[in-house]
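Below is model-v5.txt, holding compact mmCIF, C-alpha atoms.
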```txt
# COMPACT_ATOMS: atom_id res chain seq x y z
CA GLY A 10 154.45 -2.21 164.37
CA ALA A 11 151.58 -0.97 162.18
CA VAL A 12 149.94 1.28 164.74
CA VAL A 13 146.99 3.47 163.79
CA SER A 14 145.98 6.27 166.12
CA GLN A 15 142.55 7.85 166.06
CA HIS A 16 141.69 11.11 167.81
CA PRO A 17 139.60 12.04 169.65
CA SER A 18 138.38 8.80 171.19
CA ARG A 19 135.16 10.40 172.30
CA VAL A 20 133.39 13.64 171.49
CA ILE A 21 130.10 15.10 172.62
CA CYS A 22 128.78 18.24 170.97
CA LYS A 23 125.66 20.16 170.13
CA SER A 24 123.64 19.84 166.93
CA GLY A 25 124.96 21.98 164.12
CA THR A 26 128.59 21.67 165.16
CA SER A 27 131.19 20.37 162.71
CA VAL A 28 133.42 17.68 164.17
CA LYS A 29 136.82 16.59 162.85
CA ILE A 30 138.24 13.13 163.51
CA GLU A 31 141.89 12.38 162.78
CA CYS A 32 143.40 9.07 161.73
CA ARG A 33 147.18 8.70 161.79
CA SER A 34 149.44 5.83 160.83
CA LEU A 35 152.25 6.16 163.37
CA ASP A 36 154.95 3.86 162.04
CA PHE A 37 154.18 3.35 158.38
CA GLN A 38 153.06 5.29 155.35
CA ALA A 39 149.52 4.53 154.28
CA THR A 40 148.63 4.89 150.63
CA THR A 41 145.02 4.10 151.47
CA MET A 42 142.87 4.85 154.48
CA PHE A 43 139.32 3.72 155.08
CA TRP A 44 136.51 5.17 157.16
CA TYR A 45 133.85 2.95 158.72
CA ARG A 46 130.76 3.58 160.75
CA GLN A 47 129.41 1.19 163.35
CA PHE A 48 125.98 1.37 164.94
CA PRO A 49 125.39 -0.15 168.39
CA LYS A 50 125.59 -3.93 168.34
CA LYS A 51 126.07 -3.89 164.58
CA SER A 52 128.92 -4.56 162.21
CA LEU A 53 131.24 -2.12 160.48
CA MET A 54 129.93 -0.35 157.39
CA LEU A 55 132.44 1.12 154.94
CA MET A 56 131.78 4.81 154.33
CA ALA A 57 134.62 5.79 152.04
CA THR A 58 138.05 4.92 150.73
CA SER A 59 140.69 7.60 150.80
CA ASN A 60 143.86 7.63 148.76
CA GLU A 61 146.62 10.12 149.50
CA GLY A 62 146.47 13.15 147.26
CA SER A 63 143.19 12.29 145.57
CA LYS A 64 139.49 12.61 146.26
CA ALA A 65 137.85 10.03 148.46
CA THR A 66 135.59 7.39 146.97
CA TYR A 67 132.32 7.21 148.86
CA GLU A 68 130.11 4.15 149.20
CA GLN A 69 126.56 4.28 147.92
CA GLY A 70 124.26 6.17 150.26
CA VAL A 71 127.01 8.11 152.06
CA GLU A 72 126.67 11.88 151.68
CA LYS A 73 130.03 13.30 150.65
CA ASP A 74 129.00 16.84 151.63
CA LYS A 75 128.07 15.62 155.11
CA PHE A 76 131.19 13.52 155.64
CA LEU A 77 134.21 15.38 154.31
CA ILE A 78 137.35 13.31 153.98
CA ASN A 79 140.83 14.69 153.48
CA HIS A 80 143.95 12.60 153.00
CA ALA A 81 146.63 15.23 152.74
CA SER A 82 149.63 13.09 153.64
CA LEU A 83 150.68 9.46 153.75
CA THR A 84 150.18 9.38 157.51
CA LEU A 85 147.06 11.44 158.08
CA SER A 86 143.44 11.31 157.01
CA THR A 87 140.63 13.35 158.51
CA LEU A 88 136.89 12.88 158.58
CA THR A 89 134.78 15.99 159.21
CA VAL A 90 131.13 15.53 160.06
CA THR A 91 129.59 18.81 158.98
CA SER A 92 126.62 20.36 160.80
CA ALA A 93 126.31 17.21 162.88
CA GLN A 94 122.85 16.05 163.89
CA PRO A 95 121.72 13.48 166.48
CA GLU A 96 121.34 10.83 163.78
CA ASP A 97 125.07 11.19 163.04
CA SER A 98 125.83 9.84 166.51
CA SER A 99 127.79 6.65 166.03
CA PHE A 100 131.14 4.89 166.44
CA TYR A 101 133.50 5.88 163.63
CA ILE A 102 136.55 3.72 162.92
CA CYS A 103 139.40 4.33 160.52
CA SER A 104 141.92 1.92 159.09
CA ALA A 105 145.14 2.36 157.17
CA ARG A 106 146.86 0.17 154.64
CA LYS A 107 150.43 0.48 153.44
CA GLU A 108 149.82 -0.93 149.97
CA ASN A 109 147.30 -3.00 148.05
CA ASN A 110 147.33 -6.70 149.01
CA GLN A 111 148.40 -5.80 152.54
CA PRO A 112 146.17 -5.91 155.62
CA GLN A 113 144.29 -2.95 157.02
CA HIS A 114 145.28 -1.77 160.47
CA PHE A 115 142.46 -0.33 162.52
CA GLY A 116 142.29 2.58 164.92
CA ASP A 117 140.46 2.34 168.23
CA GLY A 118 137.49 4.33 167.01
CA THR A 119 135.78 7.60 167.90
CA ARG A 120 132.48 7.65 169.67
CA LEU A 121 130.54 10.67 168.47
CA SER A 122 127.50 11.82 170.41
CA ILE A 123 125.42 14.72 169.12
CA LEU A 124 123.01 16.31 171.58
CA THR B 22 126.90 -5.55 146.57
CA GLN B 23 128.76 -8.18 148.49
CA LEU B 24 126.93 -9.45 151.57
CA LEU B 25 128.35 -11.61 154.32
CA GLU B 26 125.92 -13.29 156.69
CA GLN B 27 127.19 -14.62 159.97
CA SER B 28 125.46 -17.17 162.15
CA PRO B 29 124.63 -17.31 164.89
CA GLN B 30 124.16 -13.63 165.67
CA PHE B 31 124.53 -14.22 169.38
CA LEU B 32 125.94 -17.11 171.35
CA SER B 33 126.07 -17.55 175.11
CA ILE B 34 127.97 -20.60 176.32
CA GLN B 35 129.76 -21.86 179.39
CA GLU B 36 133.49 -22.13 179.80
CA GLY B 37 134.86 -25.30 178.28
CA GLU B 38 132.27 -25.67 175.54
CA ASN B 39 133.06 -25.74 171.85
CA LEU B 40 131.44 -23.51 169.25
CA THR B 41 131.44 -22.75 165.54
CA VAL B 42 130.65 -19.47 163.84
CA TYR B 43 129.74 -19.42 160.17
CA CYS B 44 130.28 -16.73 157.57
CA ASN B 45 128.43 -17.16 154.29
CA SER B 46 128.17 -15.22 151.05
CA SER B 47 127.14 -15.70 147.45
CA SER B 48 130.21 -13.70 146.37
CA VAL B 49 133.73 -14.93 145.83
CA PHE B 50 136.45 -13.17 147.80
CA SER B 51 140.16 -12.92 147.13
CA SER B 52 140.73 -13.43 150.85
CA LEU B 53 138.77 -13.58 154.04
CA GLN B 54 139.71 -12.23 157.43
CA TRP B 55 138.42 -12.83 160.93
CA TYR B 56 138.49 -10.12 163.57
CA ARG B 57 137.57 -9.85 167.21
CA GLN B 58 136.31 -6.58 168.60
CA GLU B 59 135.97 -5.49 172.21
CA PRO B 60 133.45 -2.78 173.21
CA GLY B 61 134.74 0.71 172.47
CA GLU B 62 137.73 -0.52 170.50
CA GLY B 63 138.65 -1.18 166.90
CA PRO B 64 138.64 -4.72 165.48
CA VAL B 65 141.77 -6.80 165.90
CA LEU B 66 142.83 -9.14 163.12
CA LEU B 67 142.91 -12.81 164.07
CA VAL B 68 143.68 -14.48 160.76
CA THR B 69 143.63 -14.12 156.99
CA VAL B 70 142.76 -17.06 154.74
CA VAL B 71 143.49 -16.87 151.05
CA THR B 72 143.32 -20.27 149.40
CA GLY B 73 140.08 -22.21 148.93
CA GLY B 74 139.94 -25.06 151.44
CA GLU B 75 142.64 -23.52 153.59
CA VAL B 76 142.63 -24.30 157.30
CA LYS B 77 144.53 -22.22 159.83
CA LYS B 78 144.89 -22.77 163.54
CA LEU B 79 145.58 -20.18 166.19
CA LYS B 80 145.82 -21.94 169.56
CA ARG B 81 142.22 -23.00 170.31
CA LEU B 82 140.81 -21.27 167.22
CA THR B 83 140.49 -23.07 163.88
CA PHE B 84 139.61 -21.14 160.75
CA GLN B 85 138.52 -22.65 157.46
CA PHE B 86 137.99 -21.05 154.06
CA GLY B 87 135.45 -22.72 151.79
CA ASP B 88 136.63 -24.44 148.63
CA ALA B 89 134.83 -21.87 146.48
CA ARG B 90 136.09 -18.96 148.62
CA LYS B 91 132.55 -17.85 149.39
CA ASP B 92 132.27 -18.97 153.00
CA SER B 93 134.31 -19.54 156.11
CA SER B 94 134.01 -20.90 159.61
CA LEU B 95 135.61 -20.24 162.95
CA HIS B 96 135.70 -23.03 165.50
CA ILE B 97 136.70 -22.40 169.11
CA THR B 98 137.62 -25.34 171.30
CA ALA B 99 137.18 -25.19 175.07
CA ALA B 100 135.98 -21.60 175.14
CA GLN B 101 137.22 -19.32 177.91
CA PRO B 102 135.75 -16.09 179.33
CA GLY B 103 138.57 -14.22 177.61
CA ASP B 104 137.09 -15.29 174.25
CA THR B 105 134.06 -13.07 174.89
CA GLY B 106 133.65 -10.43 172.20
CA LEU B 107 132.23 -9.57 168.80
CA TYR B 108 133.60 -11.79 166.04
CA LEU B 109 133.57 -10.36 162.54
CA CYS B 110 134.43 -11.95 159.27
CA ALA B 111 135.42 -9.67 156.40
CA GLY B 112 135.77 -10.55 152.75
CA GLU B 113 138.26 -8.73 150.62
CA PHE B 114 137.45 -8.15 146.98
CA VAL B 115 139.20 -6.38 144.18
CA TYR B 116 137.07 -3.78 142.48
CA ARG B 117 139.52 -1.99 140.20
CA GLY B 118 142.96 -3.07 139.07
CA THR B 119 144.70 -3.97 142.33
CA ALA B 120 142.52 -1.79 144.55
CA SER B 121 140.56 -3.77 147.10
CA LYS B 122 138.27 -3.20 150.04
CA LEU B 123 136.66 -5.16 152.83
CA THR B 124 133.04 -6.07 153.35
CA PHE B 125 132.31 -6.99 156.94
CA GLY B 126 129.96 -9.72 158.01
CA THR B 127 126.95 -9.13 160.21
CA GLY B 128 128.86 -10.16 163.33
CA THR B 129 128.56 -12.81 166.03
CA ARG B 130 128.49 -11.74 169.62
CA LEU B 131 130.00 -14.40 171.89
CA GLN B 132 129.62 -14.50 175.63
CA VAL B 133 131.47 -17.13 177.62
CA THR B 134 130.52 -17.50 181.26
CA LEU B 135 132.18 -19.35 184.12
```
Step by step, read the file and then write its structure as structure tokens.
Amino acid sequence: GAVVSQHPSRVICKSGTSVKIECRSLDFQATTMFWYRQFPKKSLMLMATSNEGSKATYEQGVEKDKFLINHASLTLSTLTVTSAQPEDSSFYICSARKENNQPQHFGDGTRLSIL
Amino acid sequence: TQLLEQSPQFLSIQEGENLTVYCNSSSVFSSLQWYRQEPGEGPVLLVTVVTGGEVKKLKRLTFQFGDARKDSSLHITAAQPGDTGLYLCAGEFVYRGTASKLTFGTGTRLQVTL
């Protein structure tokens, strides 16, 4: 149980393109979803916390207009990288949590490459 | 800002050796988790420790939470090539009411060779 699906797993696109990444909790309802970014050989860095039906809370230094997060339902959150540039290339990972005080379940990540 | 420093950053050992990974912070966490991550995949939860001084064992892995809940260690006995991966500690802290989030450690990359 507690499966989180992330799609796509890999995307390559040109500079200036907007890219949408989906995060779905397949067998549970997630009141909170999290978006992380991971640079090569580095740890995970929290970008934002997303609660269903409300605006996402972004961490310091993360541009909310660049990384648009939508959490329209209890099973789906999306991250849109707007006008992507080469420096946005990274591994993006989402996680979902059923309730507070419960563990986060992680997706398998999306490798984004901007040419 | 909560920071979690892991040491060592990289460890290359031979099969059968023992090792310990440390996770240290100046912040107190409500719980601490250890994950293992394979290349191109998301992290997989190994264990959660909650109580100061708690020790948990998972086969050849022993996890300990510091008495003050600021640090933790992961000890692997008789390492095997299948233990190779990136080990991440993550501290959970409550920032508003019951809302909490994770801060990940800097990571320890383990390579176990035959």
Could you list, with a cut-off of 9 Å and counting all atoms listed in the file, the residues of chain B near chain A, each shown with its nearest atom pair and the distance in Å rounded to one decimal, rows sorted by chain and ascending number, as CSV?
```
residue,atom,partner,partner_atom,distance
B:Gly61,CA,A:Gly118,CA,7.1
B:Glu62,CA,A:Asp117,CA,4.6
B:Gly63,CA,A:Asp117,CA,4.2
B:Pro64,CA,A:Phe115,CA,6.5
B:Val65,CA,A:Phe115,CA,7.3
B:Leu66,CA,A:His114,CA,8.2
B:Thr69,CA,A:Pro112,CA,8.7
B:Leu107,CA,A:Lys50,CA,8.7
B:Leu109,CA,A:Ser52,CA,7.4
B:Thr119,CA,A:Asn109,CA,6.4
B:Ala120,CA,A:Asn109,CA,6.0
B:Ser121,CA,A:Asn109,CA,6.9
B:Lys122,CA,A:Thr58,CA,8.2
B:Leu123,CA,A:Leu55,CA,7.9
B:Thr124,CA,A:Leu55,CA,7.4
B:Phe125,CA,A:Leu53,CA,6.1
B:Gly126,CA,A:Ser52,CA,6.7
B:Thr127,CA,A:Ser52,CA,5.4
B:Gly128,CA,A:Ser52,CA,5.7
B:Arg130,CA,A:Lys50,CA,8.4
```
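Nearest to Ile123 (chain A) of all the residues A:Ala105, A:Ala11, A:Ala93, A:Ile30 is A:Ala93, counting only C-alpha atoms.
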What's the 9 Å shell around Gln23 (chain B), counting only C-alpha atoms, without same-chain residues fewer than 3 positions away, as a list in words?
->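 Near neighbours after the sequence-gap exclusion: Ser46, Ser47, Ser48, Val49, Gly112, Phe114 and Thr124 of chain B.
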One-decimal distance in Å that lies between CA of Ser33 (chain B) and CA of Val68 (chain B) | 22.9 Å
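Interatomic distance, CA of Arg46 (chain A) against CA of Leu40 (chain B): 28.4 Å.
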Work out how far apart CA of Val42 (chain B) and CA of Gln30 (chain B) are and give it in Å to one decimal.
-> 8.9 Å
Measuring atom to atom with all atoms listed in the file, identify which of A:Leu121, A:Val28, A:Ile21, A:Met42 is nearest to Lys75 (chain A).
->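 Comparing A:Leu121, A:Val28, A:Ile21, A:Met42 against Lys75 (chain A), the winner is A:Val28.
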Point out the residue among A:Val90, A:Leu77, A:Ser98, A:Leu85 with the least atom-to-atom distance to Ser14 (chain A), counting only C-alpha atoms.
-> A:Leu85
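Take the candidates B:Lys78, B:Gln35, B:Ala89, B:Val70 and check each one against Cys110 (chain B) using only C-alpha atoms; the shortest distance goes to B:Val70.
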Restricting the calculation to all atoms listed in the file, which member of B:Gly103, B:Pro60, B:Leu24, B:Gly118 is positioned closest to Phe48 (chain A)?
->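 Nearest candidate to Phe48 (chain A) out of B:Gly103, B:Pro60, B:Leu24, B:Gly118: B:Pro60.
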Excluding Lys80 (chain B) and any residue of its chain fewer than 6 positions from it, enumerate the residues within 12 Å of it, using only C-alpha atoms, and give them as a list of chain:residue names.
-> B:Leu67, B:Val68, B:His96, B:Ile97, B:Thr98, B:Ala99, B:Ala100, B:Asp104
Any idea what's packed within 7 Å of Ile78 (chain A), counting all atoms listed in the file, ignoring anything in its chain fewer than 5 positions away? Could you give it as a PyMOL selection string?
-> chain A and resi 65+87-89
Using only C-alpha atoms, can you list as a PyMOL selection string the residues within 7 Å of (126.1, 18.7, 161.9)?
-> chain A and resi 24-27+90-94
Give the answer as one residue: which of B:Gln58, B:Leu32, B:Gly74, B:Lys91 has the shortest atom-to-atom distance to Glu113 (chain B), using all atoms listed in the file?
->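 With all atoms listed in the file as the atom set, the closest residue is B:Lys91.
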